[in-house]
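Colleague: Next comes model_34.pdb, PDB, C-alpha atoms and all ligand atoms:
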ATOM      1  CA  PRO A1356       8.380 -17.291 -11.082
ATOM      2  CA  PRO A1357       5.900 -14.372 -11.107
ATOM      3  CA  ASP A1358       6.796 -11.147 -12.916
ATOM      4  CA  VAL A1359       7.475  -9.076  -9.795
ATOM      5  CA  GLU A1360       7.087  -5.738 -11.588
ATOM      6  CA  ALA A1361       3.777  -6.468 -13.334
ATOM      7  CA  LEU A1362       2.488  -8.120 -10.188
ATOM      8  CA  GLY A1363       3.555  -5.075  -8.166
ATOM      9  CA  ARG A1364       1.823  -2.549 -10.443
ATOM     10  CA  SER A1365      -1.423  -4.541 -10.421
ATOM     11  CA  THR A1366      -1.240  -5.085  -6.701
ATOM     12  CA  TRP A1367      -0.645  -1.403  -5.878
ATOM     13  CA  THR A1368      -3.692  -0.648  -8.053
ATOM     14  CA  LEU A1369      -5.719  -3.079  -5.975
ATOM     15  CA  LEU A1370      -4.360  -1.843  -2.637
ATOM     16  CA  HIS A1371      -4.758   1.897  -3.342
ATOM     17  CA  THR A1372      -8.208   1.287  -4.820
ATOM     18  CA  MET A1373      -9.195  -0.582  -1.665
ATOM     19  CA  ALA A1374      -8.049   2.461   0.309
ATOM     20  CA  ALA A1375      -9.927   4.817  -2.033
ATOM     21  CA  THR A1376     -13.174   2.929  -1.466
ATOM     22  CA  TYR A1377     -12.655   2.356   2.261
ATOM     23  CA  PRO A1378     -15.370   3.984   4.406
ATOM     24  CA  GLU A1379     -14.773   7.581   5.468
ATOM     25  CA  ARG A1380     -15.358   6.385   9.012
ATOM     26  CA  ALA A1381     -14.806   2.654   9.389
ATOM     27  CA  ASP A1382     -16.670   0.743  12.065
ATOM     28  CA  THR A1383     -15.042  -1.943  14.203
ATOM     29  CA  GLN A1384     -15.979  -4.738  11.816
ATOM     30  CA  GLN A1385     -14.635  -2.903   8.763
ATOM     31  CA  GLN A1386     -11.396  -2.140  10.583
ATOM     32  CA  SER A1387     -10.894  -5.715  11.686
ATOM     33  CA  ASP A1388     -11.712  -7.024   8.190
ATOM     34  CA  MET A1389      -9.002  -4.807   6.696
ATOM     35  CA  GLN A1390      -6.579  -5.683   9.492
ATOM     36  CA  GLY A1391      -7.149  -9.359   8.713
ATOM     37  CA  PHE A1392      -6.763  -8.801   4.983
ATOM     38  CA  LEU A1393      -3.424  -7.004   5.426
ATOM     39  CA  LYS A1394      -2.123  -9.639   7.761
ATOM     40  CA  LEU A1395      -2.959 -12.456   5.343
ATOM     41  CA  PHE A1396      -1.791 -10.407   2.381
ATOM     42  CA  SER A1397       1.603  -9.963   4.024
ATOM     43  CA  ARG A1398       1.849 -13.740   4.354
ATOM     44  CA  LEU A1399       0.431 -14.760   0.985
ATOM     45  CA  TYR A1400       1.678 -12.149  -1.499
ATOM     46  CA  PRO A1401       3.422 -14.272  -4.139
ATOM     47  CA  CYS A1402       6.701 -12.352  -4.115
ATOM     48  CA  TRP A1403       8.121 -13.816  -0.957
ATOM     49  CA  VAL A1404      10.901 -11.302  -0.234
ATOM     50  CA  CYS A1405       8.426  -8.483  -0.927
ATOM     51  CA  ALA A1406       5.919 -10.002   1.492
ATOM     52  CA  ASP A1407       8.569 -10.572   4.148
ATOM     53  CA  ASP A1408       9.869  -7.004   4.008
ATOM     54  CA  PHE A1409       6.330  -5.646   4.025
ATOM     55  CA  LYS A1410       5.446  -7.715   7.078
ATOM     56  CA  THR A1411       8.612  -6.618   8.884
ATOM     57  CA  TRP A1412       7.919  -2.957   8.027
ATOM     58  CA  MET A1413       4.331  -3.176   9.338
ATOM     59  CA  ALA A1414       5.509  -4.830  12.545
ATOM     60  CA  HIS A1415       8.138  -2.195  13.444
ATOM     61  CA  PRO A1416       8.530  -2.452  17.242
ATOM     62  CA  SER A1417       7.737   1.246  17.729
ATOM     63  CA  GLY A1418       4.261   0.576  16.324
ATOM     64  CA  ARG A1419       4.678   3.543  13.990
ATOM     65  CA  ASN A1420       3.947   1.557  10.810
ATOM     66  CA  GLN A1421       0.801  -0.153  12.001
ATOM     67  CA  PRO A1422      -2.075   0.202   9.544
ATOM     68  CA  LYS A1423      -4.184   3.305  10.276
ATOM     69  CA  LEU A1424      -7.681   1.990   9.843
ATOM     70  CA  SER A1425     -10.037   4.544  11.362
ATOM     71  CA  GLY A1426     -11.093   5.912   7.969
ATOM     72  CA  ARG A1427     -10.313   6.507   4.308
ATOM     73  CA  LYS A1428      -7.989   9.493   4.731
ATOM     74  CA  GLU A1429      -5.823   7.808   7.348
ATOM     75  CA  PHE A1430      -5.769   4.476   5.538
ATOM     76  CA  GLY A1431      -5.024   6.035   2.150
ATOM     77  CA  TRP A1432      -2.149   8.020   3.621
ATOM     78  CA  TRP A1433      -0.801   4.944   5.370
ATOM     79  CA  MET A1434      -0.934   2.917   2.122
ATOM     80  CA  CYS A1435       0.918   5.724   0.347
ATOM     81  CA  GLU A1436       3.614   5.629   3.024
ATOM     82  CA  ALA A1437       3.869   1.856   2.731
ATOM     83  CA  HIS A1438       4.322   2.217  -1.036
ATOM     84  CA  ASN A1439       6.932   4.945  -0.493
ATOM     85  CA  GLU A1440       8.870   2.627   1.770
ATOM     86  CA  VAL A1441       9.106   0.175  -1.139
ATOM     87  CA  ASN A1442       9.923   3.022  -3.545
ATOM     88  CA  ARG A1443      12.857   4.047  -1.320
ATOM     89  CA  LYS A1444      14.087   0.480  -1.069
ATOM     90  CA  LEU A1445      14.053   0.148  -4.867
ATOM     91  CA  GLY A1446      15.625   3.574  -5.467
ATOM     92  CA  LYS A1447      12.422   4.931  -7.059
ATOM     93  CA  LYS A1448      11.102   8.460  -6.586
ATOM     94  CA  GLU A1449       8.868   8.983  -3.578
ATOM     95  CA  PHE A1450       5.264   9.945  -4.225
ATOM     96  CA  ASP A1451       3.865  13.099  -2.576
ATOM     97  CA  CYS A1452       1.082  11.615  -0.460
ATOM     98  CA  ARG A1453      -0.905  14.867  -0.557
ATOM     99  CA  PHE A1454      -1.868  13.809  -4.107
ATOM    100  CA  TRP A1455      -2.916  10.301  -3.183
ATOM    101  CA  GLU A1456      -6.654  10.881  -3.684
ATOM    102  CA  GLU A1457      -6.151  12.606  -7.027
ATOM    103  CA  ARG A1458      -4.148   9.660  -8.292
ATOM    104  CA  TRP A1459      -6.398   6.908  -6.965
ATOM    105  CA  LYS A1460      -9.844   8.342  -6.345
ATOM    106  CA  THR A1461     -10.974  11.669  -7.694
ATOM    107  CA  GLY A1462      -8.717  11.891 -10.752
ATOM    108  CA  TRP A1463      -6.362  14.756 -11.570
ATOM    109  CA  LYS A1464      -7.880  18.192 -11.951
ATOM    110  CA  ASP A1465      -6.750  19.983 -15.093
TER
HETATM  111  P1  LIG A1501       4.732   1.065  -8.943
HETATM  112  O1  LIG A1501       5.639   1.245  -7.764
HETATM  113  O2  LIG A1501       4.139  -0.274  -9.175
HETATM  114  O3  LIG A1501       3.563   2.145  -8.803
HETATM  115  C1  LIG A1501       2.442   2.150  -9.673
HETATM  116  C2  LIG A1501       1.877   3.571  -9.714
HETATM  117  O4  LIG A1501       1.478   3.954  -8.404
HETATM  118  C3  LIG A1501       2.901   4.616 -10.103
HETATM  119  O5  LIG A1501       2.977   4.769 -11.485
HETATM  120  C4  LIG A1501       2.379   5.870  -9.418
HETATM  121  O6  LIG A1501       1.404   6.519 -10.211
HETATM  122  C5  LIG A1501       1.676   5.346  -8.195
HETATM  123  N1  LIG A1501       2.470   5.493  -6.975
HETATM  124  C6  LIG A1501       3.813   5.395  -6.808
HETATM  125  N2  LIG A1501       4.149   5.542  -5.523
HETATM  126  C7  LIG A1501       2.988   5.738  -4.853
HETATM  127  C8  LIG A1501       2.685   5.969  -3.484
HETATM  128  N3  LIG A1501       3.636   6.002  -2.542
HETATM  129  N4  LIG A1501       1.398   6.140  -3.134
HETATM  130  C9  LIG A1501       0.415   6.119  -4.071
HETATM  131  N5  LIG A1501       0.638   5.901  -5.390
HETATM  132  C10 LIG A1501       1.914   5.721  -5.768
HETATM  133  N6  LIG A1501       9.506  -5.102  -6.030
HETATM  134  C11 LIG A1501      10.777  -5.502  -5.802
HETATM  135  O7  LIG A1501      11.577  -5.592  -6.746
HETATM  136  N7  LIG A1501      11.212  -5.784  -4.524
HETATM  137  C12 LIG A1501      10.388  -5.693  -3.445
HETATM  138  O8  LIG A1501      10.775  -5.978  -2.309
HETATM  139  C13 LIG A1501       9.014  -5.287  -3.671
HETATM  140  N8  LIG A1501       8.129  -5.214  -2.641
HETATM  141  C14 LIG A1501       6.825  -4.956  -2.907
HETATM  142  C15 LIG A1501       5.901  -4.978  -1.855
HETATM  143  C16 LIG A1501       4.569  -4.782  -2.085
HETATM  144  C17 LIG A1501       3.599  -4.828  -0.945
HETATM  145  C18 LIG A1501       4.106  -4.545  -3.416
HETATM  146  C19 LIG A1501       2.635  -4.358  -3.686
HETATM  147  C20 LIG A1501       5.008  -4.492  -4.448
HETATM  148  C21 LIG A1501       6.381  -4.689  -4.224
HETATM  149  N9  LIG A1501       7.318  -4.642  -5.261
HETATM  150  C22 LIG A1501       8.615  -5.001  -5.000
HETATM  151  C23 LIG A1501       6.940  -4.170  -6.625
HETATM  152  C24 LIG A1501       7.269  -2.672  -6.781
HETATM  153  O9  LIG A1501       6.732  -1.902  -5.694
HETATM  154  C25 LIG A1501       6.699  -2.067  -8.074
HETATM  155  O10 LIG A1501       5.316  -2.359  -8.165
HETATM  156  C26 LIG A1501       7.378  -2.535  -9.359
HETATM  157  O11 LIG A1501       8.769  -2.339  -9.243
HETATM  158  C27 LIG A1501       6.842  -1.726 -10.576
HETATM  159  O12 LIG A1501       7.139  -0.351 -10.321
HETATM  160  P2  LIG A1501       6.587   0.860 -11.144
HETATM  161  O13 LIG A1501       7.710   1.843 -11.242
HETATM  162  O14 LIG A1501       5.937   0.422 -12.399
HETATM  163  O15 LIG A1501       5.468   1.577 -10.243
END
Would you mind writing the file's structure down as structure tokens?
Ligand code: FAD

Modeller:
Amino acid sequence: PPDVEALGRSTWTLLHTMAATYPERADTQQQSDMQGFLKLFSRLYPCWVCADDFKTWMAHPSGRNQPKLSGRKEFGWWMCEAHNEVNRKLGKKEFDCRFWEERWKTGWKD
């Protein structure tokens, strides 16, 4: 079976990098492309319990966890919250989403 931890680290790199390069203002086509990607991702991610939980989280009946696709800031923040949901589930520390862009886009200022 896949190494769930190594797969997870690589996949978060892909997902946050996709958010970091998402348009500042996404048009309808870009939003629906990403919507489609996330939907398929949540069905195809090769850690099946991970994928199932992720799909269930996204589909919360309140609608509160639906992907926010209008632009980079909203999408990046949403991805950070999705990752934090997994962090909580696994008993890991939550990440302060205010630093999302520093971690995944602009680099840390020192
Ligand atoms: P990771 O959680 O992989 O994080 C990598 C780096 O991202 C961190 O070092 C940190 O710099 C940064 N980071 C951390 N949190 C955030 C955040 N909220 N926003 C932005 N950046 C952040 N594993 C399981 O055992 N069970 C599961 O059900 C499960 N579900 C998963 C669902 C998805 C969609 C994905 C992509 C992965 C899932 N994983 C699951 C894997 C798990 O999330 C971790 O990737 C794995 O445990 C390795 O953890 P890590 O501590 O190395 O850091």

Colleague: What does the distance from CA of Gly1431 (chain A) to CA of Trp1367 (chain A) come to in Å, to one decimal?

Modeller: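 Value for the CA of Gly1431 (chain A)-CA of Trp1367 (chain A) distance: 11.8 Å.
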
Colleague: List all protein, DNA and RNA residues that have any atom at most 6 Å from ligand LIG 1501 (chain A), counting only C-alpha atoms and all ligand atoms, and write the list as a tab-separated table (two decimals) with C-alpha atoms, in the frame of the given file.

Modeller:
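Below you can see out-v6.tsv, which holds the result:
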chain	number	residue	atom	x	y	z
A	1359	VAL	CA	7.48	-9.08	-9.80
A	1360	GLU	CA	7.09	-5.74	-11.59
A	1363	GLY	CA	3.56	-5.08	-8.17
A	1364	ARG	CA	1.82	-2.55	-10.44
A	1366	THR	CA	-1.24	-5.08	-6.70
A	1367	TRP	CA	-0.64	-1.40	-5.88
A	1404	VAL	CA	10.90	-11.30	-0.23
A	1405	CYS	CA	8.43	-8.48	-0.93
A	1409	PHE	CA	6.33	-5.65	4.03
A	1435	CYS	CA	0.92	5.72	0.35
A	1436	GLU	CA	3.61	5.63	3.02
A	1438	HIS	CA	4.32	2.22	-1.04
A	1439	ASN	CA	6.93	4.94	-0.49
A	1441	VAL	CA	9.11	0.18	-1.14
A	1450	PHE	CA	5.26	9.94	-4.22
A	1455	TRP	CA	-2.92	10.30	-3.18

Colleague: Quick one: pull the distance between CA of Lys1394 (chain A) and CA of Lys1460 (chain A), Å, one decimal.

Modeller: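 Result for CA of Lys1394 (chain A) versus CA of Lys1460 (chain A): 24.1 Å, one decimal.
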
Colleague: One decimal, Å: what's the distance from CA of Pro1422 (chain A) over to CA of Trp1459 (chain A), could you say?

Modeller: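 These atoms are spaced 18.3 Å apart.
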
Colleague: Expand the PyMOL selection byres (((chain A and resi 1381) around 12) and not hetatm) into the individual residues it matches in the shown file, reporting them as a list in words.

Modeller: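 Checked against the file, the PyMOL selection byres (((chain A and resi 1381) around 12) and not hetatm) matches Ala1374, Thr1376, Tyr1377, Pro1378, Glu1379, Arg1380, Asp1382, Thr1383, Gln1384, Gln1385, Gln1386, Ser1387, Asp1388, Met1389, Gln1390, Lys1423, Leu1424, Ser1425, Gly1426, Arg1427, Lys1428, Glu1429 and Phe1430 of chain A.
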
Colleague: My list of candidates is A:Asn1420, A:Trp1463, A:Met1434, A:Cys1402. Which is closest to Ala1375 (chain A) when distances are computed with all atoms listed in the file?

Modeller: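 Closest to Ala1375 (chain A), using all atoms listed in the file: A:Met1434.
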
Colleague: At a cut-off of 12 Å, using all atoms listed in the file, what residues contact Arg1419 (chain A)? Leave out same-chain residues fewer than 5 positions from it and give the result as a list in words.

Modeller: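 Once the adjacent positions are removed, what remains is Trp1412, Met1413, Ala1414, Trp1433, Glu1436 and Ala1437 of chain A.
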
Colleague: Could you write out as AutoDock Vina command-line options the box around region 1444-1457 of chain A (axis-aligned, all atoms listed in the file, 8 Å on each side), with centre and edge lengths in Å to one decimal?

Modeller:
--center_x 4.5 --center_y 7.5 --center_z -3.8 --size_x 38.3 --size_y 30.7 --size_z 22.6

Colleague: Would you mind telling me which residue in A:Trp1432, A:Lys1444, A:Phe1454, A:Leu1395 lies nearest to Asp1408 (chain A) when using all atoms listed in the file?

Modeller: A:Lys1444

Colleague: Measuring atom to atom with all atoms listed in the file, identify which of A:His1371, A:Arg1458, A:Ser1365, A:Pro1356 is nearest to Pro1401 (chain A).

Modeller: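 Smallest distance to Pro1401 (chain A) is found for A:Pro1356.
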
Colleague: Could you check the closest approach to Leu1370 (chain A) for each of A:Gly1391, A:Asp1358, A:Lys1447, A:Phe1396 and tell me which residue wins, using all atoms listed in the file?

Modeller: A:Phe1396

Colleague: Taking into account all atoms listed in the file, which residue in the set A:Ser1417, A:Arg1453, A:Leu1445, A:Lys1410 is nearest to Arg1398 (chain A)?

Modeller: A:Lys1410
